[in-house]
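Shown here: protein-v6.pdb, PDB, C-alpha atoms and all ligand atoms.
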```
MODEL        1
ATOM      1  CA  MET A  97       1.989  24.164  53.699  1.00  0.00           C
ATOM      2  CA  LYS A  98       4.657  21.479  53.303  1.00  0.00           C
ATOM      3  CA  PRO A  99       7.020  22.036  50.362  1.00  0.00           C
ATOM      4  CA  GLY A 100       5.904  18.792  48.722  1.00  0.00           C
ATOM      5  CA  ARG A 101       2.264  19.801  48.877  1.00  0.00           C
ATOM      6  CA  LEU A 102       3.084  23.260  47.580  1.00  0.00           C
ATOM      7  CA  ALA A 103       4.870  21.769  44.582  1.00  0.00           C
ATOM      8  CA  PHE A 104       1.825  19.603  43.921  1.00  0.00           C
ATOM      9  CA  VAL A 105      -0.538  22.575  44.050  1.00  0.00           C
ATOM     10  CA  ILE A 106       1.690  24.514  41.672  1.00  0.00           C
ATOM     11  CA  ALA A 107       2.171  21.576  39.306  1.00  0.00           C
ATOM     12  CA  LEU A 108      -1.502  20.584  39.197  1.00  0.00           C
ATOM     13  CA  PRO A 109      -2.754  23.250  36.762  1.00  0.00           C
ATOM     14  CA  PHE A 110       0.104  22.477  34.379  1.00  0.00           C
ATOM     15  CA  GLY A 111      -0.737  18.795  34.558  1.00  0.00           C
ATOM     16  CA  LEU A 112      -4.382  19.516  33.801  1.00  0.00           C
ATOM     17  CA  VAL A 113      -3.456  21.661  30.819  1.00  0.00           C
ATOM     18  CA  LEU A 114      -1.172  18.945  29.468  1.00  0.00           C
ATOM     19  CA  ALA A 115      -3.804  16.267  29.995  1.00  0.00           C
ATOM     20  CA  ALA A 116      -6.450  18.406  28.322  1.00  0.00           C
ATOM     21  CA  SER A 117      -4.337  19.151  25.271  1.00  0.00           C
ATOM     22  CA  ALA A 118      -3.415  15.468  24.957  1.00  0.00           C
ATOM     23  CA  ALA A 119      -7.106  14.600  25.122  1.00  0.00           C
ATOM     24  CA  VAL A 120      -7.941  17.133  22.432  1.00  0.00           C
ATOM     25  CA  ARG A 121      -5.219  15.792  20.180  1.00  0.00           C
ATOM     26  CA  ALA A 122      -6.156  12.183  20.812  1.00  0.00           C
ATOM     27  CA  GLY A 123      -9.877  12.881  20.648  1.00  0.00           C
ATOM     28  CA  GLN A 124      -9.759  14.810  17.396  1.00  0.00           C
ATOM     29  CA  VAL A 125      -9.336  11.763  15.226  1.00  0.00           C
ATOM     30  CA  ALA A 126      -9.276   8.161  16.318  1.00  0.00           C
ATOM     31  CA  ILE A 127      -7.689   6.531  13.286  1.00  0.00           C
ATOM     32  CA  PRO A 128      -6.458   2.921  13.448  1.00  0.00           C
ATOM     33  CA  GLY A 129      -2.672   2.780  13.464  1.00  0.00           C
ATOM     34  CA  VAL A 130      -2.368   6.542  13.949  1.00  0.00           C
ATOM     35  CA  HIS A 131      -1.014   7.401  17.370  1.00  0.00           C
ATOM     36  CA  ASP A 132      -0.517  11.070  16.512  1.00  0.00           C
ATOM     37  CA  ALA A 133      -2.754  12.570  13.827  1.00  0.00           C
ATOM     38  CA  TYR A 134      -1.303  16.026  14.318  1.00  0.00           C
ATOM     39  CA  GLN A 135       2.193  14.696  13.626  1.00  0.00           C
ATOM     40  CA  ALA A 136       0.933  12.799  10.581  1.00  0.00           C
ATOM     41  CA  ARG A 137      -0.725  15.863   9.104  1.00  0.00           C
ATOM     42  CA  THR A 138       2.435  17.910   9.621  1.00  0.00           C
ATOM     43  CA  ASP A 139       4.588  15.177   8.097  1.00  0.00           C
ATOM     44  CA  TYR A 140       2.233  14.972   5.119  1.00  0.00           C
ATOM     45  CA  GLN A 141       2.489  18.728   4.622  1.00  0.00           C
ATOM     46  CA  LEU A 142       6.263  18.678   4.779  1.00  0.00           C
ATOM     47  CA  LYS A 143       7.061  15.444   2.966  1.00  0.00           C
ATOM     48  CA  CYS A 144       4.210  14.473   0.662  1.00  0.00           C
ATOM     49  CA  GLN A 145       1.883  17.237  -0.373  1.00  0.00           C
ATOM     50  CA  GLY A 146       4.362  18.936  -2.699  1.00  0.00           C
ATOM     51  CA  CYS A 147       3.672  16.059  -5.074  1.00  0.00           C
ATOM     52  CA  HIS A 148       0.329  14.645  -3.944  1.00  0.00           C
ATOM     53  CA  ARG A 149      -1.207  18.078  -3.165  1.00  0.00           C
ATOM     54  CA  PRO A 150      -2.743  19.190   0.130  1.00  0.00           C
ATOM     55  CA  ASP A 151      -6.107  17.631  -0.711  1.00  0.00           C
ATOM     56  CA  GLY A 152      -4.549  14.432  -2.083  1.00  0.00           C
ATOM     57  CA  SER A 153      -5.668  15.176  -5.630  1.00  0.00           C
ATOM     58  CA  GLY A 154      -2.236  14.727  -7.248  1.00  0.00           C
ATOM     59  CA  ASP A 155      -1.546  16.582 -10.466  1.00  0.00           C
ATOM     60  CA  ASP A 156      -3.080  14.372 -13.143  1.00  0.00           C
ATOM     61  CA  ARG A 157       0.329  13.960 -14.775  1.00  0.00           C
ATOM     62  CA  SER A 158       3.273  12.553 -12.896  1.00  0.00           C
ATOM     63  CA  ASN A 159       1.979  12.434  -9.319  1.00  0.00           C
ATOM     64  CA  PRO A 160      -0.976  10.184  -8.641  1.00  0.00           C
ATOM     65  CA  PRO A 161      -3.965  11.179  -6.521  1.00  0.00           C
ATOM     66  CA  MET A 162      -4.452   9.721  -3.054  1.00  0.00           C
ATOM     67  CA  ARG A 163      -8.015  10.922  -2.793  1.00  0.00           C
ATOM     68  CA  SER A 164     -10.681   8.263  -3.310  1.00  0.00           C
ATOM     69  CA  ILE A 165      -8.182   5.736  -4.622  1.00  0.00           C
ATOM     70  CA  VAL A 166      -5.155   5.063  -2.439  1.00  0.00           C
ATOM     71  CA  ALA A 167      -6.824   2.438  -0.221  1.00  0.00           C
ATOM     72  CA  ARG A 168      -7.815   0.402  -3.277  1.00  0.00           C
ATOM     73  CA  PHE A 169      -4.244  -0.856  -3.426  1.00  0.00           C
ATOM     74  CA  LEU A 170      -4.933  -2.708  -0.174  1.00  0.00           C
ATOM     75  CA  SER A 171      -7.421  -4.971  -1.921  1.00  0.00           C
ATOM     76  CA  VAL A 172      -5.206  -6.270  -4.699  1.00  0.00           C
ATOM     77  CA  PRO A 173      -2.430  -8.827  -4.168  1.00  0.00           C
ATOM     78  CA  GLY A 174       0.880  -7.015  -3.731  1.00  0.00           C
ATOM     79  CA  GLY A 175      -0.734  -3.613  -3.203  1.00  0.00           C
ATOM     80  CA  ARG A 176      -0.031  -3.465   0.496  1.00  0.00           C
ATOM     81  CA  GLU A 177       3.672  -4.045  -0.153  1.00  0.00           C
ATOM     82  CA  PHE A 178       3.652  -1.579  -3.054  1.00  0.00           C
ATOM     83  CA  ILE A 179       2.520   1.252  -0.776  1.00  0.00           C
ATOM     84  CA  GLY A 180       5.426   0.595   1.585  1.00  0.00           C
ATOM     85  CA  ARG A 181       7.936   0.418  -1.235  1.00  0.00           C
ATOM     86  CA  VAL A 182       7.137   3.386  -3.515  1.00  0.00           C
ATOM     87  CA  PRO A 183      10.090   5.756  -3.347  1.00  0.00           C
ATOM     88  CA  GLY A 184       8.130   8.680  -1.862  1.00  0.00           C
ATOM     89  CA  VAL A 185       7.240   6.469   1.102  1.00  0.00           C
ATOM     90  CA  ALA A 186      10.263   4.195   1.394  1.00  0.00           C
ATOM     91  CA  THR A 187      12.970   6.830   1.150  1.00  0.00           C
ATOM     92  CA  VAL A 188      11.426   9.655   3.167  1.00  0.00           C
ATOM     93  CA  ASP A 189      13.633  10.844   6.027  1.00  0.00           C
ATOM     94  CA  LEU A 190      11.316   9.795   8.830  1.00  0.00           C
ATOM     95  CA  PRO A 191      11.810   6.989  11.349  1.00  0.00           C
ATOM     96  CA  ASP A 192       9.728   3.838  10.894  1.00  0.00           C
ATOM     97  CA  ASP A 193       7.156   4.603  13.605  1.00  0.00           C
ATOM     98  CA  ARG A 194       6.444   8.068  12.242  1.00  0.00           C
ATOM     99  CA  LEU A 195       6.220   6.667   8.726  1.00  0.00           C
ATOM    100  CA  ALA A 196       3.709   3.994   9.773  1.00  0.00           C
ATOM    101  CA  ASN A 197       1.714   6.717  11.545  1.00  0.00           C
ATOM    102  CA  LEU A 198       1.814   8.805   8.354  1.00  0.00           C
ATOM    103  CA  VAL A 199       0.927   5.994   5.925  1.00  0.00           C
ATOM    104  CA  ASN A 200      -2.050   4.864   8.023  1.00  0.00           C
ATOM    105  CA  TRP A 201      -3.207   8.477   8.303  1.00  0.00           C
ATOM    106  CA  THR A 202      -2.850   9.015   4.540  1.00  0.00           C
ATOM    107  CA  ILE A 203      -4.978   5.973   3.799  1.00  0.00           C
ATOM    108  CA  PHE A 204      -7.808   6.937   6.158  1.00  0.00           C
ATOM    109  CA  ARG A 205      -7.619  10.657   5.479  1.00  0.00           C
ATOM    110  CA  PHE A 206      -7.904  10.408   1.724  1.00  0.00           C
ATOM    111  CA  ASP A 207      -9.746   7.199   0.992  1.00  0.00           C
ATOM    112  CA  PRO A 208     -11.700   5.859   3.975  1.00  0.00           C
ATOM    113  CA  ALA A 209     -14.381   4.349   1.751  1.00  0.00           C
ATOM    114  CA  HIS A 210     -11.982   1.830   0.210  1.00  0.00           C
ATOM    115  CA  VAL A 211     -10.247   0.670   3.384  1.00  0.00           C
ATOM    116  CA  PRO A 212     -10.970  -3.062   3.565  1.00  0.00           C
ATOM    117  CA  PRO A 213     -12.946  -4.062   6.670  1.00  0.00           C
ATOM    118  CA  ASN A 214     -10.172  -6.403   7.785  1.00  0.00           C
ATOM    119  CA  PHE A 215      -7.396  -3.855   7.239  1.00  0.00           C
ATOM    120  CA  ARG A 216      -4.518  -4.266   9.657  1.00  0.00           C
ATOM    121  CA  PRO A 217      -2.778  -0.904  10.119  1.00  0.00           C
ATOM    122  CA  TYR A 218       0.851  -0.783   9.058  1.00  0.00           C
ATOM    123  CA  THR A 219       3.230  -1.169  11.972  1.00  0.00           C
ATOM    124  CA  ALA A 220       6.657   0.380  12.320  1.00  0.00           C
ATOM    125  CA  GLU A 221       8.110  -3.095  11.935  1.00  0.00           C
ATOM    126  CA  GLU A 222       6.310  -3.765   8.624  1.00  0.00           C
ATOM    127  CA  VAL A 223       7.081  -0.373   7.147  1.00  0.00           C
ATOM    128  CA  GLY A 224      10.697  -0.757   8.240  1.00  0.00           C
ATOM    129  CA  ARG A 225      10.912  -4.082   6.437  1.00  0.00           C
ATOM    130  CA  LEU A 226       9.219  -2.898   3.212  1.00  0.00           C
ATOM    131  CA  ARG A 227      11.183   0.301   2.884  1.00  0.00           C
ATOM    132  CA  LYS A 228      14.476  -1.639   2.906  1.00  0.00           C
ATOM    133  CA  ASN A 229      13.537  -2.716  -0.597  1.00  0.00           C
ATOM    134  CA  PRO A 230      12.401   0.462  -2.399  1.00  0.00           C
ATOM    135  CA  LEU A 231      10.931   0.134  -5.870  1.00  0.00           C
ATOM    136  CA  ARG A 232      12.948   1.482  -8.723  1.00  0.00           C
ATOM    137  CA  LEU A 233      12.209   1.461 -12.448  1.00  0.00           C
ATOM    138  CA  GLU A 234       9.897  -1.534 -12.160  1.00  0.00           C
ATOM    139  CA  ARG A 235       7.378   0.523 -10.238  1.00  0.00           C
ATOM    140  CA  ALA A 236       5.463   1.923 -13.218  1.00  0.00           C
ATOM    141  CA  ALA A 237       4.712  -1.538 -14.610  1.00  0.00           C
ATOM    142  CA  MET A 238       3.886  -2.852 -11.145  1.00  0.00           C
ATOM    143  CA  ARG A 239       1.546   0.050 -10.484  1.00  0.00           C
ATOM    144  CA  ALA A 240      -0.213  -0.460 -13.825  1.00  0.00           C
ATOM    145  CA  ARG A 241      -0.745  -4.142 -13.004  1.00  0.00           C
ATOM    146  CA  LEU A 242      -2.155  -3.327  -9.565  1.00  0.00           C
ATOM    147  CA  VAL A 243      -4.460  -0.630 -10.906  1.00  0.00           C
ATOM    148  CA  ALA A 244      -5.719  -3.037 -13.556  1.00  0.00           C
ATOM    149  CA  GLY A 245      -6.662  -5.356 -10.693  1.00  0.00           C
ATOM    150  CA  PHE A 246      -8.875  -2.729  -9.029  1.00  0.00           C
ATOM    151  CA  ALA A 247     -11.750  -3.552 -11.344  1.00  0.00           C
ATOM    152  CA  LYS A 248     -11.817  -7.133 -10.043  1.00  0.00           C
ATOM    153  CA  THR A 249     -11.843  -6.316  -6.342  1.00  0.00           C
ATOM    154  CA  HIS A 250     -14.778  -6.098  -4.010  1.00  0.00           C
ATOM    155  CA  GLY A 251     -13.007  -4.613  -1.023  1.00  0.00           C
ATOM    156  CA  GLU A 252     -11.193  -7.691   0.288  1.00  0.00           C
ATOM    157  CA  GLN A 253      -7.684  -7.235   1.563  1.00  0.00           C
ATOM    158  CA  SER A 254      -4.755  -8.769  -0.263  1.00  0.00           C
ATOM    159  CA  GLN A 255      -2.692 -11.722   1.087  1.00  0.00           C
TER
HETATM  160  C1  LIG B 301       8.630  13.712  -5.538  1.00  0.00           C
HETATM  161  C2  LIG B 301       7.184  13.486  -5.581  1.00  0.00           C
HETATM  162  C3  LIG B 301       6.589  12.614  -4.490  1.00  0.00           C
HETATM  163  C4  LIG B 301       6.691  12.744  -3.129  1.00  0.00           C
HETATM  164  C5  LIG B 301       7.458  13.808  -2.339  1.00  0.00           C
HETATM  165  C6  LIG B 301       5.877  11.700  -2.555  1.00  0.00           C
HETATM  166  N1  LIG B 301       5.318  10.934  -3.535  1.00  0.00           N
HETATM  167 FE1  LIG B 301       4.041   9.413  -3.259  1.00  0.00          FE
HETATM  168  N2  LIG B 301       4.120   8.981  -5.226  1.00  0.00           N
HETATM  169  C7  LIG B 301       4.743   9.757  -6.186  1.00  0.00           C
HETATM  170  C8  LIG B 301       4.676   9.074  -7.469  1.00  0.00           C
HETATM  171  C9  LIG B 301       5.232   9.586  -8.793  1.00  0.00           C
HETATM  172  C10 LIG B 301       3.992   7.857  -7.236  1.00  0.00           C
HETATM  173  C11 LIG B 301       3.661   6.742  -8.252  1.00  0.00           C
HETATM  174  C12 LIG B 301       4.654   5.623  -8.089  1.00  0.00           C
HETATM  175  C13 LIG B 301       6.026   6.053  -8.489  1.00  0.00           C
HETATM  176  O1  LIG B 301       6.294   6.251  -9.674  1.00  0.00           O
HETATM  177  O2  LIG B 301       6.849   6.259  -7.571  1.00  0.00           O
HETATM  178  C14 LIG B 301       3.638   7.855  -5.824  1.00  0.00           C
HETATM  179  C15 LIG B 301       2.947   6.827  -5.219  1.00  0.00           C
HETATM  180  C16 LIG B 301       2.525   6.845  -3.902  1.00  0.00           C
HETATM  181  C17 LIG B 301       1.668   5.860  -3.273  1.00  0.00           C
HETATM  182  C18 LIG B 301       1.101   4.633  -3.953  1.00  0.00           C
HETATM  183  C19 LIG B 301      -0.235   4.946  -4.593  1.00  0.00           C
HETATM  184  C20 LIG B 301      -0.170   5.194  -6.074  1.00  0.00           C
HETATM  185  O3  LIG B 301      -1.168   5.680  -6.598  1.00  0.00           O
HETATM  186  O4  LIG B 301       0.843   4.884  -6.727  1.00  0.00           O
HETATM  187  C21 LIG B 301       1.485   6.238  -1.991  1.00  0.00           C
HETATM  188  C22 LIG B 301       0.639   5.542  -0.930  1.00  0.00           C
HETATM  189  C23 LIG B 301       2.247   7.433  -1.794  1.00  0.00           C
HETATM  190  N3  LIG B 301       2.861   7.784  -2.978  1.00  0.00           N
HETATM  191  C24 LIG B 301       2.311   8.104  -0.599  1.00  0.00           C
HETATM  192  C25 LIG B 301       3.248   9.112  -0.377  1.00  0.00           C
HETATM  193  C26 LIG B 301       3.527   9.641   0.930  1.00  0.00           C
HETATM  194  C27 LIG B 301       2.839   9.197   2.220  1.00  0.00           C
HETATM  195  C28 LIG B 301       4.494  10.572   0.770  1.00  0.00           C
HETATM  196  C29 LIG B 301       5.177  11.388   1.824  1.00  0.00           C
HETATM  197  C30 LIG B 301       5.921  10.646   2.818  1.00  0.00           C
HETATM  198  C31 LIG B 301       4.809  10.635  -0.644  1.00  0.00           C
HETATM  199  N4  LIG B 301       4.039   9.732  -1.300  1.00  0.00           N
HETATM  200  C32 LIG B 301       5.732  11.500  -1.193  1.00  0.00           C
HETATM  201  C33 LIG B 301       5.356  10.966  -5.970  1.00  0.00           C
HETATM  202  C34 LIG B 301       5.720  11.452  -4.731  1.00  0.00           C
ENDMDL
END
```
In structure tokens, how does this file's structure come out?
Amino acid sequence: MKPGRLAFVIALPFGLVLAASAAVRAGQVAIPGVHDAYQARTDYQLKCQGCHRPDGSGDDRSNPPMRSIVARFLSVPGGREFIGRVPGVATVDLPDDRLANLVNWTIFRFDPAHVPPNFRPYTAEEVGRLRKNPLRLERAAMRARLVAGFAKTHGEQSQ
């Protein structure tokens, strides 16, 4: 057997294993804007769930729930920007593409029912732009205003 062919025969099983594991990872969850759900789940565990809890339920005091509510922000004017600018999101030590992956995952994982039909997933570029301007003390009042707007929405996306 020629050396080149031998190398191919040896490499083939490894290639198949790699392809299969990539297919399993990709096939597990096809979420818009999420190129790596496994990475997103790990990032959520490491960077978010200490406050928002593993099941996204928050703590009913200082840390808000994600579950069954987070995507509602997408339907009120300014809510999309708010999500990209809250300190927990904006200041996390992750690069923009991983943060976009994580934010899109968080939205679909915890509140798929409220994702507006015309939702455009966050891109690395958008998240990168929003996080340059993190919210500070004004965020509580802004959040209260957005939440007050939930009652008026019917699932349309803001802007
Ligand atoms: C130190 C606690 C803490 C961590 C860590 C944290 N958050 Fe938050 N998060 C909050 C608090 C508190 C708010 C409410 C706004 C505010 O006061 O910052 C919030 C608000 C949000 C919101 C807006 C929805 C709402 O109800 O206000 C989203 C989305 C969000 N966080 C996602 C994340 C993600 C994703 C991560 C991980 C990258 C994360 N958070 C990490 C505490 C945290």
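Atom CA of Asn214 of chain A sits 17.4 Å away from atom CA of Thr202 of chain A.
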List every residue of chain A that has an atom at most 7 Å from any atom of ligand LIG 301 (chain B), and for each one report the closest atom pair and its distance in Å to one decimal, counting all atoms listed in the file, with rows sorted by chain and then by increasing residue number, as CSV.
```
residue,atom,partner,partner_atom,distance
A:Tyr140,CA,B:LIG301,C29,5.7
A:Lys143,CA,B:LIG301,C29,4.6
A:Cys144,CA,B:LIG301,C29,3.4
A:Gln145,CA,B:LIG301,C5,6.8
A:Gly146,CA,B:LIG301,C5,6.0
A:Cys147,CA,B:LIG301,C2,4.4
A:His148,CA,B:LIG301,N1,6.2
A:Ser158,CA,B:LIG301,C9,5.4
A:Asn159,CA,B:LIG301,C9,4.4
A:Pro160,CA,B:LIG301,O3,4.9
A:Pro161,CA,B:LIG301,O3,6.2
A:Met162,CA,B:LIG301,O3,6.3
A:Val166,CA,B:LIG301,C19,5.4
A:Phe178,CA,B:LIG301,C18,6.8
A:Ile179,CA,B:LIG301,C22,4.7
A:Val182,CA,B:LIG301,O2,5.0
A:Pro183,CA,B:LIG301,O2,5.3
A:Gly184,CA,B:LIG301,C32,3.8
A:Val185,CA,B:LIG301,C30,4.7
A:Val188,CA,B:LIG301,C30,5.6
A:Leu198,CA,B:LIG301,C27,6.2
A:Val199,CA,B:LIG301,C27,5.3
A:Thr202,CA,B:LIG301,C27,6.1
A:Arg235,CA,B:LIG301,O1,5.9
A:Ala236,CA,B:LIG301,O1,5.7
A:Arg239,CA,B:LIG301,O4,6.2
```
Quick one: write out the picked residues with C-alpha atoms as a PDB file, in the frame of the given file?
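Final file, part.pdb:
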```
ATOM      1  CA  TYR A 140       2.233  14.972   5.119  1.00  0.00           C
ATOM      2  CA  LYS A 143       7.061  15.444   2.966  1.00  0.00           C
ATOM      3  CA  CYS A 144       4.210  14.473   0.662  1.00  0.00           C
ATOM      4  CA  GLN A 145       1.883  17.237  -0.373  1.00  0.00           C
ATOM      5  CA  GLY A 146       4.362  18.936  -2.699  1.00  0.00           C
ATOM      6  CA  CYS A 147       3.672  16.059  -5.074  1.00  0.00           C
ATOM      7  CA  HIS A 148       0.329  14.645  -3.944  1.00  0.00           C
ATOM      8  CA  SER A 158       3.273  12.553 -12.896  1.00  0.00           C
ATOM      9  CA  ASN A 159       1.979  12.434  -9.319  1.00  0.00           C
ATOM     10  CA  PRO A 160      -0.976  10.184  -8.641  1.00  0.00           C
ATOM     11  CA  PRO A 161      -3.965  11.179  -6.521  1.00  0.00           C
ATOM     12  CA  MET A 162      -4.452   9.721  -3.054  1.00  0.00           C
ATOM     13  CA  VAL A 166      -5.155   5.063  -2.439  1.00  0.00           C
ATOM     14  CA  PHE A 178       3.652  -1.579  -3.054  1.00  0.00           C
ATOM     15  CA  ILE A 179       2.520   1.252  -0.776  1.00  0.00           C
ATOM     16  CA  VAL A 182       7.137   3.386  -3.515  1.00  0.00           C
ATOM     17  CA  PRO A 183      10.090   5.756  -3.347  1.00  0.00           C
ATOM     18  CA  GLY A 184       8.130   8.680  -1.862  1.00  0.00           C
ATOM     19  CA  VAL A 185       7.240   6.469   1.102  1.00  0.00           C
ATOM     20  CA  VAL A 188      11.426   9.655   3.167  1.00  0.00           C
ATOM     21  CA  LEU A 198       1.814   8.805   8.354  1.00  0.00           C
ATOM     22  CA  VAL A 199       0.927   5.994   5.925  1.00  0.00           C
ATOM     23  CA  THR A 202      -2.850   9.015   4.540  1.00  0.00           C
ATOM     24  CA  ARG A 235       7.378   0.523 -10.238  1.00  0.00           C
ATOM     25  CA  ALA A 236       5.463   1.923 -13.218  1.00  0.00           C
ATOM     26  CA  ARG A 239       1.546   0.050 -10.484  1.00  0.00           C
TER      27      ARG A 239
END
```
Between atom CA of Pro208 of chain A and atom CA of Gln141 of chain A, measure the distance and give it in Å to one decimal. 19.2 Å
For Glu222 of chain A, list every protein, DNA or RNA residue within 9 Å, evaluated using only C-alpha atoms, and leave out those in the same chain fewer than 6 positions away; present the list as JSON, numbers by chain. {"A": [180, 192, 196]}
One decimal place gives the atom CA of Trp201 of chain A-atom CA of Val130 of chain A separation as 6.0 Å
When the PyMOL selection byres (((chain A and resi 174) around 12) and not hetatm) is applied to the structure above, which residues does it catch, written out as a PyMOL selection string? chain A and resi 168-173+175-181+226+235+238-239+241-243+245-246+253-255
Please determine, counting only C-alpha atoms, which residue among A:Arg149, A:Arg225, A:Lys248, A:His210 has the shortest atom-to-atom distance to Asp193 of chain A. A:Arg225
Best match for closeness to Pro128 of chain A among A:Thr187, A:Pro212, A:Tyr218, A:Arg157, counting all atoms listed in the file: A:Tyr218
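Take the candidates A:Val223, A:Leu233, A:Leu195, A:Ala240 and check each one against His131 of chain A using all atoms listed in the file; the shortest distance goes to A:Leu195.
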Between A:Glu234, A:Asp156, A:Asp189, A:Asp207, smallest distance to Asp139 of chain A by all atoms listed in the file belongs to A:Asp189
Hey, which of A:Lys228, A:Ala167, A:Asp132, A:Leu142 ends up closest to Pro213 of chain A? Count only C-alpha atoms. A:Ala167
Selected residue, from A:Ala186, A:Val211, A:Ile203, A:Ala237, that lies nearest to Gly224 of chain A when counting only C-alpha atoms: A:Ala186
Can segment 214-234 of chain A be brought up to N, CA and C atoms and written out as a PDB file, keeping the file's coordinate frame?
```
ATOM      1  N   ASN A 214     -11.140  -5.654   6.973  1.00  0.00           N
ATOM      2  CA  ASN A 214     -10.172  -6.403   7.785  1.00  0.00           C
ATOM      3  C   ASN A 214      -8.765  -5.788   7.715  1.00  0.00           C
ATOM      4  N   PHE A 215      -8.702  -4.517   7.359  1.00  0.00           N
ATOM      5  CA  PHE A 215      -7.396  -3.855   7.239  1.00  0.00           C
ATOM      6  C   PHE A 215      -6.641  -3.875   8.565  1.00  0.00           C
ATOM      7  N   ARG A 216      -5.405  -4.348   8.494  1.00  0.00           N
ATOM      8  CA  ARG A 216      -4.518  -4.266   9.657  1.00  0.00           C
ATOM      9  C   ARG A 216      -3.617  -3.056   9.434  1.00  0.00           C
ATOM     10  N   PRO A 217      -3.634  -2.078  10.324  1.00  0.00           N
ATOM     11  CA  PRO A 217      -2.778  -0.904  10.119  1.00  0.00           C
ATOM     12  C   PRO A 217      -1.315  -1.322   9.961  1.00  0.00           C
ATOM     13  N   TYR A 218      -0.597  -0.556   9.174  1.00  0.00           N
ATOM     14  CA  TYR A 218       0.851  -0.783   9.058  1.00  0.00           C
ATOM     15  C   TYR A 218       1.482  -0.549  10.422  1.00  0.00           C
ATOM     16  N   THR A 219       2.450  -1.385  10.752  1.00  0.00           N
ATOM     17  CA  THR A 219       3.230  -1.169  11.972  1.00  0.00           C
ATOM     18  C   THR A 219       4.607  -0.627  11.573  1.00  0.00           C
ATOM     19  N   ALA A 220       5.297  -0.105  12.569  1.00  0.00           N
ATOM     20  CA  ALA A 220       6.657   0.380  12.320  1.00  0.00           C
ATOM     21  C   ALA A 220       7.527  -0.760  11.802  1.00  0.00           C
ATOM     22  N   GLU A 221       7.296  -1.945  12.338  1.00  0.00           N
ATOM     23  CA  GLU A 221       8.110  -3.095  11.935  1.00  0.00           C
ATOM     24  C   GLU A 221       7.887  -3.416  10.456  1.00  0.00           C
ATOM     25  N   GLU A 222       6.608  -3.422  10.026  1.00  0.00           N
ATOM     26  CA  GLU A 222       6.310  -3.765   8.624  1.00  0.00           C
ATOM     27  C   GLU A 222       6.850  -2.703   7.665  1.00  0.00           C
ATOM     28  N   VAL A 223       6.600  -1.454   7.993  1.00  0.00           N
ATOM     29  CA  VAL A 223       7.081  -0.373   7.147  1.00  0.00           C
ATOM     30  C   VAL A 223       8.612  -0.408   7.071  1.00  0.00           C
ATOM     31  N   GLY A 224       9.239  -0.682   8.201  1.00  0.00           N
ATOM     32  CA  GLY A 224      10.697  -0.757   8.240  1.00  0.00           C
ATOM     33  C   GLY A 224      11.228  -1.845   7.325  1.00  0.00           C
ATOM     34  N   ARG A 225      10.495  -2.963   7.287  1.00  0.00           N
ATOM     35  CA  ARG A 225      10.912  -4.082   6.437  1.00  0.00           C
ATOM     36  C   ARG A 225      10.704  -3.732   4.955  1.00  0.00           C
ATOM     37  N   LEU A 226       9.528  -3.190   4.616  1.00  0.00           N
ATOM     38  CA  LEU A 226       9.219  -2.898   3.212  1.00  0.00           C
ATOM     39  C   LEU A 226      10.143  -1.824   2.639  1.00  0.00           C
ATOM     40  N   ARG A 227      10.425  -0.823   3.422  1.00  0.00           N
ATOM     41  CA  ARG A 227      11.183   0.301   2.884  1.00  0.00           C
ATOM     42  C   ARG A 227      12.643  -0.053   2.633  1.00  0.00           C
ATOM     43  N   LYS A 228      13.097  -1.196   3.176  1.00  0.00           N
ATOM     44  CA  LYS A 228      14.476  -1.639   2.906  1.00  0.00           C
ATOM     45  C   LYS A 228      14.646  -2.036   1.451  1.00  0.00           C
ATOM     46  N   ASN A 229      13.509  -2.218   0.769  1.00  0.00           N
ATOM     47  CA  ASN A 229      13.537  -2.716  -0.597  1.00  0.00           C
ATOM     48  C   ASN A 229      12.745  -1.763  -1.500  1.00  0.00           C
ATOM     49  N   PRO A 230      13.203  -0.517  -1.640  1.00  0.00           N
ATOM     50  CA  PRO A 230      12.401   0.462  -2.399  1.00  0.00           C
ATOM     51  C   PRO A 230      12.275   0.088  -3.866  1.00  0.00           C
ATOM     52  N   LEU A 231      11.135   0.413  -4.448  1.00  0.00           N
ATOM     53  CA  LEU A 231      10.931   0.134  -5.870  1.00  0.00           C
ATOM     54  C   LEU A 231      11.766   1.104  -6.687  1.00  0.00           C
ATOM     55  N   ARG A 232      12.196   0.608  -7.826  1.00  0.00           N
ATOM     56  CA  ARG A 232      12.948   1.482  -8.723  1.00  0.00           C
ATOM     57  C   ARG A 232      12.201   1.548 -10.054  1.00  0.00           C
ATOM     58  N   LEU A 233      12.864   1.253 -11.162  1.00  0.00           N
ATOM     59  CA  LEU A 233      12.209   1.461 -12.448  1.00  0.00           C
ATOM     60  C   LEU A 233      11.019   0.538 -12.679  1.00  0.00           C
ATOM     61  N   GLU A 234      10.985  -0.580 -11.954  1.00  0.00           N
ATOM     62  CA  GLU A 234       9.897  -1.534 -12.160  1.00  0.00           C
ATOM     63  C   GLU A 234       8.559  -1.005 -11.634  1.00  0.00           C
TER      64      GLU A 234
END
```
